[in-house]
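Asker: As input, take final.cif (mmCIF, C-alpha atoms and all ligand atoms):
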data_protein
loop_
_atom_site.label_atom_id
_atom_site.label_comp_id
_atom_site.auth_asym_id
_atom_site.auth_seq_id
_atom_site.Cartn_x
_atom_site.Cartn_y
_atom_site.Cartn_z
CA MET A 1 39.45 231.70 13.24
CA PRO A 2 38.00 232.88 16.56
CA TYR A 3 34.33 232.38 15.68
CA HIS A 4 32.49 229.84 13.61
CA PHE A 5 29.08 228.60 12.48
CA ASP A 6 26.39 231.25 12.49
CA HIS A 7 27.52 233.30 15.51
CA ARG A 8 29.84 235.92 14.04
CA LYS A 9 27.93 238.89 15.49
CA GLU A 10 27.84 237.29 18.94
CA TYR A 11 31.62 236.78 18.92
CA LEU A 12 32.06 240.43 18.00
CA LEU A 13 29.92 241.40 21.00
CA LEU A 14 31.74 238.99 23.35
CA PRO A 15 35.29 238.71 22.00
CA GLY A 16 36.44 236.66 25.04
CA LEU A 17 34.51 233.69 23.59
CA GLY A 18 37.17 233.42 20.89
CA ASP A 19 39.74 232.27 23.48
CA HIS A 20 37.89 228.98 23.98
CA PRO A 21 37.66 225.94 21.71
CA ARG A 22 34.14 225.05 20.60
CA ALA A 23 33.03 221.74 19.09
CA ASP A 24 30.79 221.68 16.03
CA LEU A 25 27.53 220.09 17.18
CA GLY A 26 25.57 221.55 14.25
CA PRO A 27 23.62 224.81 14.10
CA THR A 28 22.69 225.91 17.64
CA ARG A 29 20.84 229.20 17.04
CA THR A 30 17.22 228.75 18.20
CA PRO A 31 13.97 230.62 17.49
CA LEU A 32 12.45 233.24 19.78
CA GLN A 33 8.72 232.66 19.67
CA ARG A 34 5.79 234.69 21.00
CA ALA A 35 3.55 232.68 23.34
CA GLY A 36 0.40 234.80 23.06
CA ARG A 37 -2.18 232.46 24.57
CA LEU A 38 -0.16 231.59 27.68
CA GLY A 39 0.93 235.23 27.98
CA ASP A 40 -2.71 236.40 27.85
CA GLU A 41 -3.67 233.87 30.53
CA LEU A 42 -0.93 235.24 32.82
CA GLY A 43 -1.46 238.90 31.89
CA ILE A 44 2.07 239.37 30.51
CA GLU A 45 3.74 239.66 27.10
CA LEU A 46 5.48 236.28 26.89
CA TYR A 47 8.24 235.08 24.53
CA ILE A 48 9.89 231.68 24.58
CA LYS A 49 13.52 231.08 23.61
CA ARG A 50 13.28 227.62 22.10
CA ASP A 51 16.47 225.94 23.28
CA ASP A 52 14.33 222.83 23.65
CA ALA A 53 14.33 222.83 19.83
CA GLN A 54 18.10 222.37 19.45
CA PRO A 55 18.50 219.85 16.62
CA LEU A 56 20.85 217.39 18.39
CA GLY A 57 19.48 214.38 20.30
CA MET A 58 16.02 215.78 21.20
CA GLY A 59 17.47 219.16 22.19
CA GLY A 60 17.84 221.18 25.37
CA ASN A 61 20.17 223.65 27.07
CA LYS A 62 23.01 221.18 27.49
CA VAL A 63 23.86 221.30 23.77
CA ARG A 64 25.22 224.83 24.13
CA GLN A 65 27.25 223.84 27.21
CA LEU A 66 28.63 220.73 25.49
CA GLU A 67 29.95 222.78 22.57
CA PHE A 68 32.51 224.23 24.98
CA TYR A 69 33.20 221.14 27.12
CA LEU A 70 33.71 218.96 24.07
CA GLY A 71 35.70 221.71 22.34
CA LEU A 72 38.17 221.30 25.21
CA ALA A 73 37.98 217.50 24.93
CA GLN A 74 38.88 217.74 21.24
CA ALA A 75 41.68 220.25 21.93
CA ARG A 76 43.15 217.70 24.38
CA GLU A 77 42.73 214.94 21.77
CA ALA A 78 40.48 212.90 24.05
CA ASP A 79 38.97 209.69 22.68
CA THR A 80 36.53 209.11 25.58
CA VAL A 81 34.27 211.50 27.53
CA LEU A 82 32.89 210.89 31.03
CA ILE A 83 29.91 212.63 32.59
CA THR A 84 27.74 212.18 35.68
CA GLY A 85 24.08 213.09 36.30
CA ALA A 86 20.75 211.99 37.74
CA ILE A 87 19.22 208.80 36.31
CA GLN A 88 16.92 210.91 34.10
CA SER A 89 19.68 213.40 33.24
CA ASN A 90 19.26 215.30 29.98
CA PHE A 91 22.91 216.31 30.16
CA VAL A 92 24.00 212.67 30.14
CA ARG A 93 21.72 211.88 27.17
CA LEU A 94 22.98 214.87 25.19
CA CYS A 95 26.61 214.21 26.07
CA ALA A 96 26.21 210.68 24.69
CA ALA A 97 24.59 212.10 21.53
CA ALA A 98 27.30 214.74 21.09
CA CYS A 99 30.07 212.19 21.64
CA ARG A 100 28.62 209.98 18.93
CA LYS A 101 28.45 212.94 16.54
CA LEU A 102 32.12 213.73 17.19
CA GLY A 103 33.35 210.11 17.15
CA LEU A 104 34.11 210.01 20.90
CA HIS A 105 33.23 207.16 23.28
CA PRO A 106 30.60 208.17 25.92
CA VAL A 107 30.94 206.88 29.50
CA VAL A 108 28.13 207.97 31.83
CA GLN A 109 27.47 207.69 35.56
CA LEU A 110 23.85 207.71 36.72
CA GLU A 111 23.26 208.99 40.27
CA ASP A 112 20.32 207.81 42.37
CA ARG A 113 19.10 211.31 43.36
CA VAL A 114 15.31 210.94 43.26
CA PRO A 115 13.57 208.71 45.86
CA THR A 116 11.61 206.39 43.55
CA ASN A 117 11.75 202.76 42.46
CA ASP A 118 9.33 203.35 39.61
CA PRO A 119 10.56 201.06 36.81
CA LEU A 120 9.69 203.70 34.19
CA TYR A 121 11.90 206.26 35.96
CA GLN A 122 14.73 203.72 36.06
CA SER A 123 14.53 202.62 32.42
CA SER A 124 12.45 204.88 30.15
CA GLY A 125 12.94 208.44 28.86
CA ASN A 126 16.56 209.54 28.96
CA VAL A 127 17.84 206.13 30.15
CA LEU A 128 16.39 204.49 27.05
CA LEU A 129 18.13 207.11 24.90
CA ASP A 130 21.47 206.66 26.75
CA GLN A 131 21.22 202.97 25.83
CA LEU A 132 20.29 203.80 22.26
CA TYR A 133 23.43 205.94 21.99
CA GLY A 134 25.44 202.97 23.27
CA ALA A 135 26.79 204.85 26.31
CA GLU A 136 28.84 202.80 28.78
CA ILE A 137 26.69 203.12 31.92
CA HIS A 138 27.92 203.13 35.55
CA TYR A 139 25.68 203.67 38.59
CA LEU A 140 26.21 205.77 41.74
CA PRO A 141 23.65 204.58 44.32
CA GLU A 142 24.81 207.11 46.95
CA GLY A 143 22.71 209.87 45.35
CA GLU A 144 23.02 213.58 46.14
CA ASP A 145 26.76 214.15 46.68
CA GLU A 146 28.39 216.30 44.02
CA THR A 147 31.95 215.80 45.26
CA LEU A 148 31.59 212.04 45.50
CA ALA A 149 30.05 211.92 42.00
CA ASP A 150 33.07 213.74 40.54
CA THR A 151 35.55 211.63 42.56
CA ARG A 152 34.00 208.37 41.30
CA LEU A 153 34.05 209.68 37.75
CA ASP A 154 37.73 210.59 38.11
CA SER A 155 38.54 207.08 39.30
CA ILE A 156 36.74 205.54 36.28
CA ALA A 157 38.80 207.92 34.11
CA GLN A 158 42.01 206.77 35.81
CA ASP A 159 41.16 203.13 35.04
CA LEU A 160 40.55 204.09 31.40
CA THR A 161 43.91 205.88 31.23
CA LYS A 162 45.60 202.71 32.51
CA GLN A 163 43.90 200.87 29.65
CA GLY A 164 45.52 203.26 27.15
CA ARG A 165 42.59 205.60 26.55
CA ASN A 166 42.66 209.40 26.70
CA PRO A 167 39.59 210.39 28.75
CA TYR A 168 38.13 213.86 29.26
CA VAL A 169 35.88 214.36 32.31
CA VAL A 170 32.99 216.85 32.26
CA HIS A 171 33.13 218.04 35.88
CA LEU A 172 30.12 219.86 37.32
CA GLY A 173 31.33 220.32 40.91
CA THR A 174 32.07 223.87 42.03
CA ASP A 175 35.81 223.24 42.33
CA HIS A 176 36.08 223.08 38.52
CA PRO A 177 35.62 226.04 36.14
CA PRO A 178 32.10 226.38 34.66
CA VAL A 179 33.28 225.96 31.06
CA GLY A 180 29.76 225.27 29.76
CA SER A 181 28.60 228.70 30.94
CA LEU A 182 30.33 230.14 27.87
CA GLY A 183 27.53 228.54 25.83
CA TYR A 184 24.99 230.59 27.73
CA ALA A 185 26.98 233.82 27.55
CA LEU A 186 26.84 233.23 23.81
CA ALA A 187 23.09 232.50 24.06
CA ALA A 188 22.61 235.83 25.90
CA ALA A 189 24.24 237.66 22.98
CA GLU A 190 22.14 235.67 20.49
CA LEU A 191 18.96 236.56 22.37
CA ARG A 192 19.96 240.21 22.69
CA ILE A 193 20.38 240.44 18.92
CA GLN A 194 17.03 238.70 18.30
CA LEU A 195 15.21 241.06 20.68
CA GLN A 196 16.83 244.12 19.10
CA GLU A 197 15.80 242.90 15.65
CA GLN A 198 12.21 242.71 16.93
CA SER A 199 12.45 246.07 18.79
CA ASN A 200 11.50 244.08 21.85
CA ASP A 201 12.23 245.66 25.26
CA ALA A 202 11.86 242.60 27.48
CA THR A 203 12.40 243.36 31.17
CA HIS A 204 12.80 239.84 32.60
CA LEU A 205 14.46 236.56 31.61
CA VAL A 206 13.29 233.42 33.42
CA VAL A 207 15.70 230.49 33.58
CA PRO A 208 15.96 227.24 35.60
CA SER A 209 18.84 227.22 38.09
CA GLY A 210 20.24 223.73 38.79
CA SER A 211 23.99 223.17 38.52
CA GLY A 212 23.80 226.89 37.72
CA ILE A 213 25.85 226.74 34.53
CA THR A 214 22.98 228.11 32.41
CA HIS A 215 21.99 230.82 34.90
CA SER A 216 25.57 231.97 35.53
CA GLY A 217 26.47 231.98 31.83
CA ILE A 218 23.47 234.17 31.04
CA LEU A 219 24.35 236.49 33.93
CA ALA A 220 27.95 236.84 32.76
CA GLY A 221 26.82 237.40 29.17
CA VAL A 222 24.16 239.96 30.09
CA GLN A 223 26.61 241.90 32.23
CA ALA A 224 29.33 241.84 29.54
CA LEU A 225 26.75 243.18 27.06
CA ASN A 226 25.77 246.03 29.45
CA TRP A 227 22.22 244.81 29.07
CA ASP A 228 19.71 246.10 31.62
CA ILE A 229 17.40 243.12 32.16
CA SER A 230 16.43 241.23 35.30
CA ILE A 231 17.31 237.52 35.33
CA GLU A 232 15.04 235.35 37.48
CA GLY A 233 16.61 232.01 38.37
CA ILE A 234 14.10 229.35 39.38
CA CYS A 235 15.63 226.87 41.84
CA VAL A 236 15.17 223.29 40.61
CA ARG A 237 17.66 221.50 42.83
CA ARG A 238 18.51 223.34 46.04
CA GLN A 239 16.91 226.09 48.08
CA SER A 240 17.59 229.73 47.39
CA SER A 241 19.86 230.25 50.43
CA LEU A 242 22.28 227.69 48.91
CA GLN A 243 21.69 228.49 45.25
CA LYS A 244 22.27 232.25 45.39
CA PRO A 245 25.88 232.05 46.68
CA ARG A 246 26.52 229.23 44.24
CA ILE A 247 25.39 231.40 41.33
CA GLU A 248 27.40 234.39 42.58
CA LYS A 249 30.51 232.19 42.55
CA ARG A 250 29.78 230.47 39.23
CA ALA A 251 28.82 233.71 37.45
CA THR A 252 32.00 235.42 38.66
CA GLU A 253 34.01 232.45 37.34
CA ALA A 254 32.06 232.59 34.06
CA ALA A 255 32.88 236.30 33.74
CA SER A 256 36.53 235.48 34.31
CA LEU A 257 36.43 232.88 31.50
CA LEU A 258 34.97 235.61 29.29
CA GLY A 259 37.60 238.09 30.47
CA THR A 260 35.01 240.52 31.83
CA ALA A 261 34.32 242.12 35.23
CA SER A 262 32.99 240.09 38.16
CA ILE A 263 29.27 239.88 38.83
CA SER A 264 27.41 242.14 41.24
CA PRO A 265 25.57 240.03 43.87
CA ASP A 266 22.54 242.34 43.38
CA SER A 267 22.01 240.90 39.90
CA VAL A 268 21.62 237.33 41.25
CA ASN A 269 17.94 236.47 41.81
CA THR A 270 17.00 232.96 42.89
CA HIS A 271 13.45 231.85 43.73
CA ASP A 272 12.58 228.54 45.40
CA GLU A 273 8.83 228.74 45.95
CA VAL A 274 8.09 225.87 43.56
CA LEU A 275 10.95 223.56 44.66
CA ALA A 276 9.15 221.46 47.31
CA PRO A 277 9.19 218.53 47.93
CA GLY A 278 12.59 218.51 46.22
CA TYR A 279 14.66 217.83 43.10
CA GLY A 280 12.85 215.86 40.44
CA GLN A 281 9.66 215.44 42.47
CA MET A 282 6.24 216.55 41.24
CA ASN A 283 4.07 219.15 42.92
CA SER A 284 0.75 220.75 41.98
CA GLN A 285 2.41 223.92 40.61
CA VAL A 286 4.57 221.89 38.23
CA GLU A 287 1.52 219.86 37.14
CA GLU A 288 -0.35 223.07 36.39
CA ALA A 289 2.60 224.46 34.43
CA ILE A 290 2.97 221.30 32.34
CA GLN A 291 -0.74 221.32 31.51
CA LYS A 292 -1.06 225.04 30.80
CA THR A 293 1.97 225.06 28.50
CA ALA A 294 0.70 222.04 26.58
CA HIS A 295 -2.93 223.20 26.38
CA LEU A 296 -2.30 226.86 25.52
CA GLU A 297 0.87 226.67 23.40
CA GLY A 298 1.22 223.04 22.27
CA LEU A 299 4.66 223.03 23.91
CA LEU A 300 6.10 220.36 26.19
CA VAL A 301 7.81 221.16 29.49
CA ASP A 302 9.10 218.50 31.87
CA PRO A 303 8.61 217.78 35.61
CA VAL A 304 12.24 218.39 36.67
CA TYR A 305 13.45 221.54 34.90
CA SER A 306 11.42 223.43 32.30
CA GLY A 307 8.03 222.62 33.90
CA ARG A 308 9.36 223.72 37.27
CA SER A 309 10.76 226.94 35.84
CA MET A 310 7.46 227.62 34.07
CA ALA A 311 5.75 227.03 37.45
CA GLY A 312 8.24 229.52 38.91
CA LEU A 313 7.35 232.11 36.26
CA ILE A 314 3.63 231.66 37.01
CA ALA A 315 4.32 232.06 40.76
CA LEU A 316 6.38 235.24 40.19
CA VAL A 317 3.52 236.79 38.19
CA ARG A 318 0.90 235.75 40.76
CA ARG A 319 2.78 237.28 43.66
CA GLY A 320 3.47 240.47 41.69
CA HIS A 321 7.27 240.14 41.50
CA ILE A 322 6.77 240.24 37.73
CA LYS A 323 4.17 242.95 37.13
CA LYS A 324 1.16 242.40 34.87
CA GLY A 325 1.86 243.73 31.38
CA SER A 326 5.63 243.07 31.66
CA CYS A 327 7.50 241.61 28.72
CA VAL A 328 9.16 238.35 29.76
CA VAL A 329 11.40 235.85 27.96
CA PHE A 330 11.19 232.28 29.22
CA ILE A 331 14.30 230.26 28.36
CA HIS A 332 12.89 226.85 27.44
CA THR A 333 15.74 224.50 28.31
CA GLY A 334 14.08 221.27 27.11
CA GLY A 335 13.75 218.06 29.13
CA ALA A 336 10.66 216.59 27.43
CA PRO A 337 12.19 213.08 27.08
CA ALA A 338 11.83 212.76 30.88
CA LEU A 339 8.03 213.05 30.55
CA PHE A 340 7.89 209.38 29.55
CA ALA A 341 9.81 208.39 32.70
CA TYR A 342 7.29 210.32 34.84
CA GLN A 343 4.19 208.80 33.25
CA ASN A 344 3.20 206.92 36.43
CA GLN A 345 3.48 210.12 38.47
CA MET A 346 1.21 212.17 36.23
CA ASP A 347 -2.06 211.16 37.82
CA PHE A 348 -3.61 214.48 36.76
CA LEU A 349 -3.96 213.06 33.23
C1 LIG B 401 16.26 220.41 30.62
C2 LIG B 401 17.14 221.10 31.61
N1 LIG B 401 16.84 222.35 31.95
C3 LIG B 401 17.58 223.01 32.89
C4 LIG B 401 18.64 222.40 33.51
C5 LIG B 401 19.39 223.19 34.53
O1 LIG B 401 20.52 223.76 33.94
P1 LIG B 401 21.83 224.00 34.79
O2 LIG B 401 22.30 222.67 35.29
O3 LIG B 401 22.77 224.61 33.82
O4 LIG B 401 21.47 224.89 35.92
C6 LIG B 401 18.99 221.10 33.17
C7 LIG B 401 20.11 220.44 33.85
O5 LIG B 401 20.34 219.27 33.77
C8 LIG B 401 18.23 220.42 32.19
O6 LIG B 401 18.51 219.17 31.82
#
For the structure just supplied, provide its representation as structure tokens.
Answerer:
Amino acid sequence: MPYHFDHRKEYLLLPGLGDHPRADLGPTRTPLQRAGRLGDELGIELYIKRDDAQPLGMGGNKVRQLEFYLGLAQAREADTVLITGAIQSNFVRLCAAACRKLGLHPVVQLEDRVPTNDPLYQSSGNVLLDQLYGAEIHYLPEGEDETLADTRLDSIAQDLTKQGRNPYVVHLGTDHPPVGSLGYALAAAELRIQLQEQSNDATHLVVPSGSGITHSGILAGVQALNWDISIEGICVRRQSSLQKPRIEKRATEAASLLGTASISPDSVNTHDEVLAPGYGQMNSQVEEAIQKTAHLEGLLVDPVYSGRSMAGLIALVRRGHIKKGSCVVFIHTGGAPALFAYQNQMDFL
């Protein structure tokens, strides 16, 4: 059966999805919710796609990506899954949760990417949850080096193979196919159907752009659907001059996984005006976004990803790139567990 769970219509729209195994992590369809008070404040018609409300392990965008990575792990009869990420990685936390749901053993590598010795950052939030899920934790003190992170993970996997295990490695480096992007091509189809059901003609989607798997999957999905909508990627990890070519490459690879045409560079928008001082570090725009979203909508966004992309949306409206009165969908990718790890850095409270 090429499609499963509650996504039959989406598989009919994107038949290439049926060529890829997908693990059952529970229902992954999420609500599309009007955010009237925040929208009024910004002068736009604002909707929020609530991927933060995914049921598994406190939710977030990585659930949709893991359906496809772990589908492959299951197809290869893996018994152990390895993943690497920042100390406060949501991907690592959700991979551990998903592994436990599927009866796989989670091995995680935590990279020292953010310059802080704050004990809460090192031990609370996602780290606490990794421990709760019983993940086997390794550390990579060298920090920001994607190739090294993957190489170290591969060598842990080799040791496990020697011990008789069958490991599957979730690689995020750009020399491996962006398998998880299929989850966001599927999400694009899901969102398209929801908007059509509401006769909603949104003109912009706003999404955080980090490893780029989410952004490129949405781009590939939107293009395969012949959907005329502008996708605004908010840089959360590297500046636009590096992120844009990365997304062009990843989205073209995502389209190839879907069996559709390659991506036009004109459709790749990346914005880095709220990135400073760098990955995972607070700034006043992110603080404002976290507060506004909480105070006007009762929703939680985090300092690293969803709060930064909300700050990016606010900046795009203020500088007129998104015109007043436009209808915008903000993809809420989750991340709230990291709020607890940033408690000492939220001196605006
Ligand atoms: C909550 C959250 N939002 C957004 C992102 C960025 O997504 P991507 O890495 O697919 O660009 C991440 C990545 O870790 C995340 O954890």
Asker: Report as a PDB file with C-alpha atoms, in the coordinates of the input which protein, DNA and RNA residues come within 9 Å of ligand LIG 401 (chain B), using only C-alpha atoms and all ligand atoms.
Answerer:
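This is the output file out_39.pdb:
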ATOM      1  CA  ASP A  52      14.330 222.830  23.650  1.00  0.00           C
ATOM      2  CA  GLY A  59      17.470 219.160  22.190  1.00  0.00           C
ATOM      3  CA  GLY A  60      17.840 221.180  25.370  1.00  0.00           C
ATOM      4  CA  ASN A  61      20.170 223.650  27.070  1.00  0.00           C
ATOM      5  CA  LYS A  62      23.010 221.180  27.490  1.00  0.00           C
ATOM      6  CA  GLN A  65      27.250 223.840  27.210  1.00  0.00           C
ATOM      7  CA  GLY A  85      24.080 213.090  36.300  1.00  0.00           C
ATOM      8  CA  ALA A  86      20.750 211.990  37.740  1.00  0.00           C
ATOM      9  CA  GLN A  88      16.920 210.910  34.100  1.00  0.00           C
ATOM     10  CA  SER A  89      19.680 213.400  33.240  1.00  0.00           C
ATOM     11  CA  ASN A  90      19.260 215.300  29.980  1.00  0.00           C
ATOM     12  CA  PHE A  91      22.910 216.310  30.160  1.00  0.00           C
ATOM     13  CA  VAL A  92      24.000 212.670  30.140  1.00  0.00           C
ATOM     14  CA  LEU A 172      30.120 219.860  37.320  1.00  0.00           C
ATOM     15  CA  GLY A 180      29.760 225.270  29.760  1.00  0.00           C
ATOM     16  CA  SER A 181      28.600 228.700  30.940  1.00  0.00           C
ATOM     17  CA  TYR A 184      24.990 230.590  27.730  1.00  0.00           C
ATOM     18  CA  VAL A 207      15.700 230.490  33.580  1.00  0.00           C
ATOM     19  CA  PRO A 208      15.960 227.240  35.600  1.00  0.00           C
ATOM     20  CA  SER A 209      18.840 227.220  38.090  1.00  0.00           C
ATOM     21  CA  GLY A 210      20.240 223.730  38.790  1.00  0.00           C
ATOM     22  CA  SER A 211      23.990 223.170  38.520  1.00  0.00           C
ATOM     23  CA  GLY A 212      23.800 226.890  37.720  1.00  0.00           C
ATOM     24  CA  ILE A 213      25.850 226.740  34.530  1.00  0.00           C
ATOM     25  CA  THR A 214      22.980 228.110  32.410  1.00  0.00           C
ATOM     26  CA  HIS A 215      21.990 230.820  34.900  1.00  0.00           C
ATOM     27  CA  SER A 216      25.570 231.970  35.530  1.00  0.00           C
ATOM     28  CA  GLY A 217      26.470 231.980  31.830  1.00  0.00           C
ATOM     29  CA  GLY A 233      16.610 232.010  38.370  1.00  0.00           C
ATOM     30  CA  CYS A 235      15.630 226.870  41.840  1.00  0.00           C
ATOM     31  CA  VAL A 236      15.170 223.290  40.610  1.00  0.00           C
ATOM     32  CA  ARG A 237      17.660 221.500  42.830  1.00  0.00           C
ATOM     33  CA  VAL A 301       7.810 221.160  29.490  1.00  0.00           C
ATOM     34  CA  ASP A 302       9.100 218.500  31.870  1.00  0.00           C
ATOM     35  CA  VAL A 304      12.240 218.390  36.670  1.00  0.00           C
ATOM     36  CA  TYR A 305      13.450 221.540  34.900  1.00  0.00           C
ATOM     37  CA  SER A 306      11.420 223.430  32.300  1.00  0.00           C
ATOM     38  CA  SER A 309      10.760 226.940  35.840  1.00  0.00           C
ATOM     39  CA  HIS A 332      12.890 226.850  27.440  1.00  0.00           C
ATOM     40  CA  THR A 333      15.740 224.500  28.310  1.00  0.00           C
ATOM     41  CA  GLY A 334      14.080 221.270  27.110  1.00  0.00           C
ATOM     42  CA  GLY A 335      13.750 218.060  29.130  1.00  0.00           C
ATOM     43  CA  ALA A 336      10.660 216.590  27.430  1.00  0.00           C
ATOM     44  CA  ALA A 338      11.830 212.760  30.880  1.00  0.00           C
TER      45      ALA A 338
END
Asker: How far is it from atom CA of A:Val63 to atom CA of A:Ile331, in Å with one decimal?
Answerer: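 Going from atom CA of A:Val63 over to atom CA of A:Ile331, I get 13.9 Å.
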Asker: Dump as JSON lines the rows for residues of stretch 11-88 of chain A within 10 Å of stretch 276-296 of chain A: closest atom pair and distance in Å with one decimal, all atoms listed in the file counted, ordered by chain and rising residue number.
Answerer:
{"residue": "A:Ala35", "atom": "CA", "partner": "A:Leu296", "partner_atom": "CA", "distance": 8.5}
{"residue": "A:Gly36", "atom": "CA", "partner": "A:Leu296", "partner_atom": "CA", "distance": 8.7}
{"residue": "A:Arg37", "atom": "CA", "partner": "A:Leu296", "partner_atom": "CA", "distance": 5.7}
{"residue": "A:Leu38", "atom": "CA", "partner": "A:Leu296", "partner_atom": "CA", "distance": 5.6}
{"residue": "A:Gly39", "atom": "CA", "partner": "A:Leu296", "partner_atom": "CA", "distance": 9.3}
{"residue": "A:Asp40", "atom": "CA", "partner": "A:Leu296", "partner_atom": "CA", "distance": 9.8}
{"residue": "A:Glu41", "atom": "CA", "partner": "A:Leu296", "partner_atom": "CA", "distance": 8.7}
{"residue": "A:Ala86", "atom": "CA", "partner": "A:Gly280", "partner_atom": "CA", "distance": 9.2}
{"residue": "A:Gln88", "atom": "CA", "partner": "A:Gly280", "partner_atom": "CA", "distance": 9.0}
Asker: Keeping only C-alpha atoms, take the residues you just selected and write them out as a PDB file, in the coordinates of the input.
Answerer:
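Ended up saving to out07.pdb:
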ATOM      1  CA  ALA A  35       3.550 232.680  23.340  1.00  0.00           C
ATOM      2  CA  GLY A  36       0.400 234.800  23.060  1.00  0.00           C
ATOM      3  CA  ARG A  37      -2.180 232.460  24.570  1.00  0.00           C
ATOM      4  CA  LEU A  38      -0.160 231.590  27.680  1.00  0.00           C
ATOM      5  CA  GLY A  39       0.930 235.230  27.980  1.00  0.00           C
ATOM      6  CA  ASP A  40      -2.710 236.400  27.850  1.00  0.00           C
ATOM      7  CA  GLU A  41      -3.670 233.870  30.530  1.00  0.00           C
ATOM      8  CA  ALA A  86      20.750 211.990  37.740  1.00  0.00           C
ATOM      9  CA  GLN A  88      16.920 210.910  34.100  1.00  0.00           C
TER      10      GLN A  88
END
Asker: Enter the distance from atom CA of A:Ile263 to atom CA of A:Ile83, in Å, rounded to one decimal.
Answerer: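 Interatomic distance, atom CA of A:Ile263 to atom CA of A:Ile83: 28.0 Å.
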Asker: Rank nothing, just name the residue among A:Arg113, A:Thr260, A:Arg246, A:Leu191 nearest to A:Gly173, using only C-alpha atoms.
Answerer: A:Arg246
Asker: Mind checking which residues fall within 6 Å of A:Gln239, counting all atoms listed in the file, ignoring those fewer than 2 positions away in the same chain, and posting them as a list in words?
Answerer: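 Counting only the stated atoms, we get Ser241, Leu242 and Asp272 of chain A.
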Asker: Taking only C-alpha atoms into account, which of A:Asp150, A:Glu67, A:Asp201, A:Asp266 comes nearest A:Lys244?
Answerer: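 Using only C-alpha atoms, A:Lys244 sits closest to A:Asp266.
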Asker: Please return as an NGL selection string every residue within 10 Å of (23.4, 213.0, 44.7), taking into account all atoms listed in the file and the file's own coordinates.
Answerer: :A and (85-86 or 110-114 or 140-149)
